[in-house]
file structure_2.cif (mmCIF, N, CA and C atoms)
data_target
loop_
_atom_site.label_atom_id
_atom_site.label_comp_id
_atom_site.auth_asym_id
_atom_site.auth_seq_id
_atom_site.Cartn_x
_atom_site.Cartn_y
_atom_site.Cartn_z
N MET A 274 0.83 -1.16 0.00
CA MET A 274 0.00 0.00 0.00
C MET A 274 0.89 1.24 0.00
N LYS A 275 0.61 2.14 -0.90
CA LYS A 275 1.42 3.35 -1.04
C LYS A 275 0.71 4.53 -0.40
N PHE A 276 1.44 5.26 0.42
CA PHE A 276 0.90 6.44 1.06
C PHE A 276 1.33 7.68 0.28
N ASN A 277 0.40 8.57 0.06
CA ASN A 277 0.72 9.82 -0.60
C ASN A 277 0.91 10.90 0.46
N LEU A 278 2.12 11.00 0.93
CA LEU A 278 2.45 12.02 1.92
C LEU A 278 3.09 13.19 1.18
N ARG A 279 2.40 14.29 1.17
CA ARG A 279 2.91 15.46 0.49
C ARG A 279 2.99 16.61 1.48
N ASN A 280 3.84 17.52 1.16
CA ASN A 280 4.01 18.70 1.98
C ASN A 280 3.11 19.80 1.44
N TYR A 281 2.20 20.26 2.25
CA TYR A 281 1.29 21.32 1.85
C TYR A 281 1.64 22.63 2.56
N ASN A 282 2.91 22.84 2.82
CA ASN A 282 3.40 24.07 3.42
C ASN A 282 3.99 24.93 2.31
N PHE A 283 3.58 26.19 2.28
CA PHE A 283 4.02 27.08 1.21
C PHE A 283 4.60 28.36 1.78
N ASP A 284 5.66 28.83 1.16
CA ASP A 284 6.27 30.11 1.50
C ASP A 284 5.99 31.07 0.35
N PHE A 285 4.89 31.79 0.46
CA PHE A 285 4.51 32.74 -0.58
C PHE A 285 5.21 34.07 -0.34
N SER A 286 5.61 34.72 -1.42
CA SER A 286 6.18 36.06 -1.29
C SER A 286 5.06 37.05 -0.99
N LYS A 287 5.44 38.28 -0.72
CA LYS A 287 4.47 39.31 -0.38
C LYS A 287 3.49 39.55 -1.53
N ASN A 288 4.00 39.62 -2.75
CA ASN A 288 3.16 39.84 -3.92
C ASN A 288 2.25 38.64 -4.21
N GLU A 289 2.80 37.44 -4.04
CA GLU A 289 1.98 36.24 -4.25
C GLU A 289 0.83 36.19 -3.25
N ARG A 290 1.11 36.57 -2.02
CA ARG A 290 0.06 36.62 -1.00
C ARG A 290 -1.04 37.59 -1.38
N LYS A 291 -0.65 38.78 -1.84
CA LYS A 291 -1.64 39.79 -2.23
C LYS A 291 -2.52 39.27 -3.36
N ILE A 292 -1.92 38.64 -4.35
CA ILE A 292 -2.67 38.12 -5.48
C ILE A 292 -3.62 37.01 -5.02
N LEU A 293 -3.12 36.11 -4.18
CA LEU A 293 -3.95 35.01 -3.70
C LEU A 293 -5.07 35.49 -2.77
N VAL A 294 -4.80 36.51 -1.96
CA VAL A 294 -5.84 37.06 -1.09
C VAL A 294 -6.95 37.66 -1.95
N THR A 295 -6.57 38.41 -2.98
CA THR A 295 -7.56 38.99 -3.88
C THR A 295 -8.35 37.90 -4.59
N PHE A 296 -7.67 36.86 -5.02
CA PHE A 296 -8.31 35.73 -5.69
C PHE A 296 -9.30 35.04 -4.75
N MET A 297 -8.91 34.82 -3.50
CA MET A 297 -9.79 34.17 -2.53
C MET A 297 -11.01 35.03 -2.23
N LYS A 298 -10.82 36.33 -2.10
CA LYS A 298 -11.96 37.23 -1.84
C LYS A 298 -12.94 37.19 -3.00
N GLN A 299 -12.43 37.14 -4.23
CA GLN A 299 -13.30 37.06 -5.40
C GLN A 299 -14.06 35.74 -5.42
N LEU A 300 -13.38 34.65 -5.10
CA LEU A 300 -14.05 33.35 -5.05
C LEU A 300 -15.13 33.32 -3.97
N LEU A 301 -14.84 33.93 -2.83
CA LEU A 301 -15.83 33.96 -1.75
C LEU A 301 -17.06 34.76 -2.14
N LYS A 302 -16.88 35.83 -2.90
CA LYS A 302 -18.02 36.61 -3.38
C LYS A 302 -18.91 35.76 -4.29
N GLN A 303 -18.27 34.89 -5.08
CA GLN A 303 -19.01 34.07 -6.04
C GLN A 303 -19.79 32.95 -5.37
N VAL A 304 -19.25 32.37 -4.29
CA VAL A 304 -19.90 31.22 -3.67
C VAL A 304 -20.70 31.57 -2.41
N ALA A 305 -20.64 32.81 -1.98
CA ALA A 305 -21.30 33.21 -0.73
C ALA A 305 -22.81 33.04 -0.84
N GLY A 306 -23.38 32.44 0.18
CA GLY A 306 -24.82 32.29 0.27
C GLY A 306 -25.40 31.09 -0.45
N ASN A 307 -24.64 30.40 -1.25
CA ASN A 307 -25.13 29.24 -1.97
C ASN A 307 -24.94 28.00 -1.10
N GLN A 308 -26.04 27.37 -0.71
CA GLN A 308 -25.97 26.21 0.18
C GLN A 308 -25.29 25.00 -0.46
N LYS A 309 -25.34 24.90 -1.77
CA LYS A 309 -24.70 23.78 -2.46
C LYS A 309 -23.17 23.90 -2.41
N LEU A 310 -22.68 25.11 -2.26
CA LEU A 310 -21.24 25.34 -2.26
C LEU A 310 -20.71 25.66 -0.85
N PHE A 311 -21.36 25.10 0.16
CA PHE A 311 -20.95 25.37 1.54
C PHE A 311 -19.53 24.89 1.80
N ALA A 312 -19.16 23.72 1.31
CA ALA A 312 -17.81 23.18 1.54
C ALA A 312 -16.75 24.06 0.90
N GLU A 313 -17.04 24.55 -0.31
CA GLU A 313 -16.09 25.44 -0.98
C GLU A 313 -15.92 26.74 -0.20
N GLU A 314 -17.04 27.29 0.26
CA GLU A 314 -16.99 28.53 1.02
C GLU A 314 -16.16 28.36 2.30
N LYS A 315 -16.35 27.24 2.96
CA LYS A 315 -15.61 26.96 4.19
C LYS A 315 -14.11 26.83 3.90
N ALA A 316 -13.76 26.12 2.82
CA ALA A 316 -12.35 25.94 2.46
C ALA A 316 -11.70 27.27 2.06
N PHE A 317 -12.42 28.06 1.26
CA PHE A 317 -11.86 29.34 0.80
C PHE A 317 -11.70 30.31 1.96
N THR A 318 -12.63 30.30 2.91
CA THR A 318 -12.52 31.15 4.09
C THR A 318 -11.30 30.76 4.91
N SER A 319 -11.09 29.47 5.06
CA SER A 319 -9.94 28.98 5.81
C SER A 319 -8.63 29.38 5.13
N ILE A 320 -8.57 29.24 3.82
CA ILE A 320 -7.36 29.62 3.07
C ILE A 320 -7.10 31.11 3.22
N LEU A 321 -8.15 31.91 3.10
CA LEU A 321 -8.02 33.36 3.23
C LEU A 321 -7.50 33.74 4.61
N GLU A 322 -8.01 33.11 5.65
CA GLU A 322 -7.54 33.39 7.01
C GLU A 322 -6.07 33.03 7.17
N LYS A 323 -5.67 31.91 6.59
CA LYS A 323 -4.27 31.49 6.69
C LYS A 323 -3.35 32.44 5.93
N LEU A 324 -3.81 32.94 4.78
CA LEU A 324 -2.99 33.87 4.01
C LEU A 324 -2.87 35.23 4.71
N GLN A 325 -3.92 35.64 5.39
CA GLN A 325 -3.91 36.94 6.06
C GLN A 325 -3.33 36.88 7.47
N SER A 326 -3.01 35.70 7.96
CA SER A 326 -2.53 35.57 9.33
C SER A 326 -1.16 36.22 9.54
N GLY A 327 -0.37 36.34 8.49
CA GLY A 327 0.95 36.95 8.62
C GLY A 327 2.05 35.94 8.90
N ASP A 328 1.69 34.67 9.06
CA ASP A 328 2.72 33.65 9.26
C ASP A 328 3.57 33.52 8.00
N GLU A 329 4.83 33.21 8.22
CA GLU A 329 5.74 33.08 7.08
C GLU A 329 5.39 31.88 6.21
N THR A 330 5.03 30.77 6.84
CA THR A 330 4.67 29.56 6.13
C THR A 330 3.17 29.34 6.23
N VAL A 331 2.54 29.10 5.08
CA VAL A 331 1.11 28.82 5.03
C VAL A 331 0.93 27.31 4.94
N LYS A 332 0.24 26.75 5.91
CA LYS A 332 0.02 25.30 5.97
C LYS A 332 -1.41 25.01 5.54
N LEU A 333 -1.56 24.35 4.40
CA LEU A 333 -2.88 24.02 3.88
C LEU A 333 -3.18 22.55 4.10
N THR A 334 -4.45 22.22 4.22
CA THR A 334 -4.86 20.82 4.25
C THR A 334 -4.92 20.32 2.81
N LYS A 335 -5.06 19.03 2.65
CA LYS A 335 -5.13 18.46 1.31
C LYS A 335 -6.36 18.97 0.57
N ASP A 336 -7.49 19.07 1.26
CA ASP A 336 -8.71 19.57 0.65
C ASP A 336 -8.55 21.02 0.19
N GLU A 337 -7.98 21.86 1.05
CA GLU A 337 -7.76 23.26 0.69
C GLU A 337 -6.82 23.37 -0.50
N PHE A 338 -5.77 22.57 -0.48
CA PHE A 338 -4.81 22.58 -1.57
C PHE A 338 -5.46 22.20 -2.90
N THR A 339 -6.24 21.13 -2.90
CA THR A 339 -6.85 20.68 -4.16
C THR A 339 -7.88 21.68 -4.67
N ARG A 340 -8.64 22.31 -3.79
CA ARG A 340 -9.62 23.32 -4.21
C ARG A 340 -8.93 24.56 -4.76
N LEU A 341 -7.86 24.99 -4.11
CA LEU A 341 -7.12 26.16 -4.58
C LEU A 341 -6.46 25.88 -5.92
N ARG A 342 -5.85 24.72 -6.04
CA ARG A 342 -5.18 24.35 -7.28
C ARG A 342 -6.18 24.26 -8.44
N TYR A 343 -7.31 23.62 -8.22
CA TYR A 343 -8.32 23.47 -9.26
C TYR A 343 -8.86 24.82 -9.71
N ASN A 344 -9.13 25.70 -8.75
CA ASN A 344 -9.66 27.02 -9.11
C ASN A 344 -8.61 27.89 -9.79
N MET A 345 -7.34 27.72 -9.44
CA MET A 345 -6.28 28.45 -10.14
C MET A 345 -6.22 27.98 -11.60
N GLU A 346 -6.34 26.66 -11.82
CA GLU A 346 -6.34 26.13 -13.19
C GLU A 346 -7.50 26.69 -14.00
N LEU A 347 -8.69 26.69 -13.41
CA LEU A 347 -9.87 27.22 -14.11
C LEU A 347 -9.72 28.71 -14.40
N ASN A 348 -9.19 29.45 -13.46
CA ASN A 348 -9.01 30.89 -13.65
C ASN A 348 -8.01 31.18 -14.76
N LEU A 349 -6.91 30.45 -14.79
CA LEU A 349 -5.93 30.62 -15.85
C LEU A 349 -6.52 30.29 -17.22
N LYS A 350 -7.27 29.21 -17.29
CA LYS A 350 -7.90 28.82 -18.54
C LYS A 350 -8.88 29.89 -19.02
N PHE A 351 -9.69 30.41 -18.10
CA PHE A 351 -10.66 31.45 -18.44
C PHE A 351 -9.96 32.72 -18.93
N MET A 352 -8.92 33.13 -18.23
CA MET A 352 -8.21 34.36 -18.63
C MET A 352 -7.55 34.21 -19.99
N LYS A 353 -7.00 33.04 -20.27
CA LYS A 353 -6.37 32.82 -21.58
C LYS A 353 -7.40 32.86 -22.70
N GLU A 354 -8.58 32.29 -22.45
CA GLU A 354 -9.65 32.35 -23.45
C GLU A 354 -10.11 33.78 -23.68
N GLN A 355 -10.28 34.53 -22.60
CA GLN A 355 -10.74 35.91 -22.71
C GLN A 355 -9.72 36.81 -23.39
N SER A 356 -8.45 36.53 -23.18
CA SER A 356 -7.42 37.38 -23.78
C SER A 356 -7.35 37.22 -25.29
N THR A 357 -7.79 36.07 -25.80
CA THR A 357 -7.77 35.88 -27.26
C THR A 357 -8.99 36.51 -27.92
N LYS A 358 -10.04 36.79 -27.16
CA LYS A 358 -11.28 37.31 -27.73
C LYS A 358 -11.32 38.83 -27.79
N GLY A 359 -10.48 39.49 -27.04
CA GLY A 359 -10.60 40.94 -26.92
C GLY A 359 -9.69 41.70 -27.85
N TRP A 360 -9.89 43.00 -27.82
CA TRP A 360 -9.03 43.90 -28.56
C TRP A 360 -7.77 44.17 -27.78
N PHE A 361 -6.99 45.12 -28.26
CA PHE A 361 -5.69 45.41 -27.67
C PHE A 361 -5.76 45.68 -26.18
N TRP A 362 -6.67 46.53 -25.74
CA TRP A 362 -6.76 46.92 -24.33
C TRP A 362 -7.03 45.72 -23.42
N LYS A 363 -7.97 44.89 -23.84
CA LYS A 363 -8.32 43.71 -23.04
C LYS A 363 -7.15 42.73 -23.00
N LYS A 364 -6.49 42.54 -24.14
CA LYS A 364 -5.33 41.64 -24.18
C LYS A 364 -4.21 42.15 -23.28
N TRP A 365 -4.01 43.45 -23.29
CA TRP A 365 -2.96 44.05 -22.49
C TRP A 365 -3.24 43.86 -20.99
N LEU A 366 -4.49 44.05 -20.57
CA LEU A 366 -4.85 43.85 -19.16
C LEU A 366 -4.70 42.39 -18.73
N TYR A 367 -5.17 41.49 -19.55
CA TYR A 367 -5.10 40.07 -19.20
C TYR A 367 -3.68 39.52 -19.23
N LYS A 368 -2.81 40.12 -20.06
CA LYS A 368 -1.45 39.60 -20.19
C LYS A 368 -0.71 39.62 -18.86
N SER A 369 -0.79 40.73 -18.14
CA SER A 369 -0.08 40.81 -16.85
C SER A 369 -0.72 39.88 -15.82
N MET A 370 -2.04 39.79 -15.82
CA MET A 370 -2.71 38.88 -14.88
C MET A 370 -2.35 37.44 -15.16
N ILE A 371 -2.34 37.07 -16.42
CA ILE A 371 -1.99 35.69 -16.80
C ILE A 371 -0.56 35.38 -16.37
N THR A 372 0.34 36.33 -16.57
CA THR A 372 1.73 36.12 -16.18
C THR A 372 1.85 35.90 -14.68
N GLN A 373 1.19 36.73 -13.89
CA GLN A 373 1.27 36.60 -12.43
C GLN A 373 0.68 35.28 -11.95
N TYR A 374 -0.51 34.95 -12.43
CA TYR A 374 -1.15 33.70 -11.99
C TYR A 374 -0.36 32.48 -12.48
N SER A 375 0.19 32.55 -13.68
CA SER A 375 0.99 31.43 -14.20
C SER A 375 2.23 31.20 -13.35
N LEU A 376 2.90 32.27 -12.96
CA LEU A 376 4.09 32.12 -12.12
C LEU A 376 3.75 31.47 -10.78
N ILE A 377 2.67 31.91 -10.17
CA ILE A 377 2.26 31.31 -8.89
C ILE A 377 1.89 29.84 -9.09
N TYR A 378 1.12 29.56 -10.13
CA TYR A 378 0.69 28.18 -10.37
C TYR A 378 1.89 27.28 -10.68
N ASP A 379 2.77 27.73 -11.55
CA ASP A 379 3.94 26.92 -11.92
C ASP A 379 4.89 26.71 -10.74
N THR A 380 5.05 27.71 -9.92
CA THR A 380 5.97 27.62 -8.80
C THR A 380 5.47 26.72 -7.69
N HIS A 381 4.19 26.83 -7.36
CA HIS A 381 3.70 26.16 -6.15
C HIS A 381 2.75 24.99 -6.38
N PHE A 382 2.05 24.95 -7.51
CA PHE A 382 0.97 23.97 -7.65
C PHE A 382 1.14 22.98 -8.79
N LYS A 383 1.94 23.26 -9.76
CA LYS A 383 1.97 22.46 -10.98
C LYS A 383 2.44 21.02 -10.76
N ASN A 384 3.50 20.82 -10.06
CA ASN A 384 4.10 19.48 -9.94
C ASN A 384 3.61 18.68 -8.76
N GLN A 385 2.59 19.15 -8.08
CA GLN A 385 2.14 18.39 -6.91
C GLN A 385 0.88 17.64 -7.18
#
call {"tool": "encode", "arguments": {"input": "structure_2.cif", "output": "structure tokens"}}
result
Amino acid sequence: MKFNLRNYNFDFSKNERKILVTFMKQLLKQVAGNQKLFAEEKAFTSILEKLQSGDETVKLTKDEFTRLRYNMELNLKFMKEQSTKGWFWKKWLYKSMITQYSLIYDTHFKNQ
């Protein structure tokens, strides 16, 4: 029997924390009040509290990690689709966001 023991401790930089806090707040706005998404709301609230706590290392549970990773993937996919549909201004705005989210995703979530 193989055990999947992974380390869910992350050392986010100051900018990565700001981006993730903003991302979590946006996700909470989307799922707030929906009884079907109670588990997601609980996980996102917990992640947001851990990011805002000021601790150097953020310790996530497996459930929190998988929800955050999945939503980062969906957000990146959505932004890439939207950047191809817009004119210059929209492409320019999405380009920096895609770069920031891609760096966070590739650094912390891609290989786990």
call {"tool": "atom_distance", "arguments": {"input": "structure_2.cif", "atom1": "CA of Lys315 in chain A", "atom2": "CA of Thr295 in chain A"}}
result
16.6 Å
call {"tool": "closest_residue", "arguments": {"input": "structure_2.cif", "among": "A:Asn280, A:Ser356, A:Gln325, A:Asn348", "to": "Tyr374 in chain A", "atoms": "only N, CA and C atoms"}}
result
A:Asn348
call {"tool": "resolve_selection", "arguments": {"input": "structure_2.cif", "expression": "the PyMOL selection byres ((chain A and resi 335-342) around 7)", "output": "PyMOL selection string"}}
result
chain A and resi 281+316-317+320+333-334+343-347+382
call {"tool": "atom_distance", "arguments": {"input": "structure_2.cif", "atom1": "atom N of Ala312 in chain A", "atom2": "atom C of Val331 in chain A"}}
result
20.7 Å
call {"tool": "select_by_dssp", "arguments": {"input": "structure_2.cif", "residues": "range 307-383 of chain A", "states": "helix (DSSP H, G or I)", "output": "MDAnalysis selection string"}}
result
chainID A and resid 308:325 335:358 361:382
call {"tool": "residues_around", "arguments": {"input": "structure_2.cif", "residues": "Asp328 in chain A", "least_positions_apart": "5", "cutoff": "8 Å", "atoms": "all atoms listed in the file", "output": "list in words"}}
result
Asp284, Phe285 and Lys323 of chain A
call {"tool": "atom_distance", "arguments": {"input": "structure_2.cif", "atom1": "atom C of Lys298 in chain A", "atom2": "atom C of Ile377 in chain A"}}
result
17.6 Å
call {"tool": "closest_residue", "arguments": {"input": "structure_2.cif", "among": "A:Lys358, A:Leu324, A:Lys383, A:Lys363", "to": "Arg290 in chain A", "atoms": "all atoms listed in the file"}}
result
A:Leu324
call {"tool": "closest_residue", "arguments": {"input": "structure_2.cif", "among": "A:Gly359, A:Glu289, A:Met297, A:Gln303", "to": "Thr318 in chain A", "atoms": "only N, CA and C atoms"}}
result
A:Met297
call {"tool": "axis_aligned_box", "arguments": {"input": "structure_2.cif", "around": "range 339-348 of chain A", "padding_each_side": "8 Å", "output": "JSON"}}
result
{"center_x": -7.5, "center_y": 25.9, "center_z": -8.8, "size_x": 20.7, "size_y": 26.5, "size_z": 27.9}
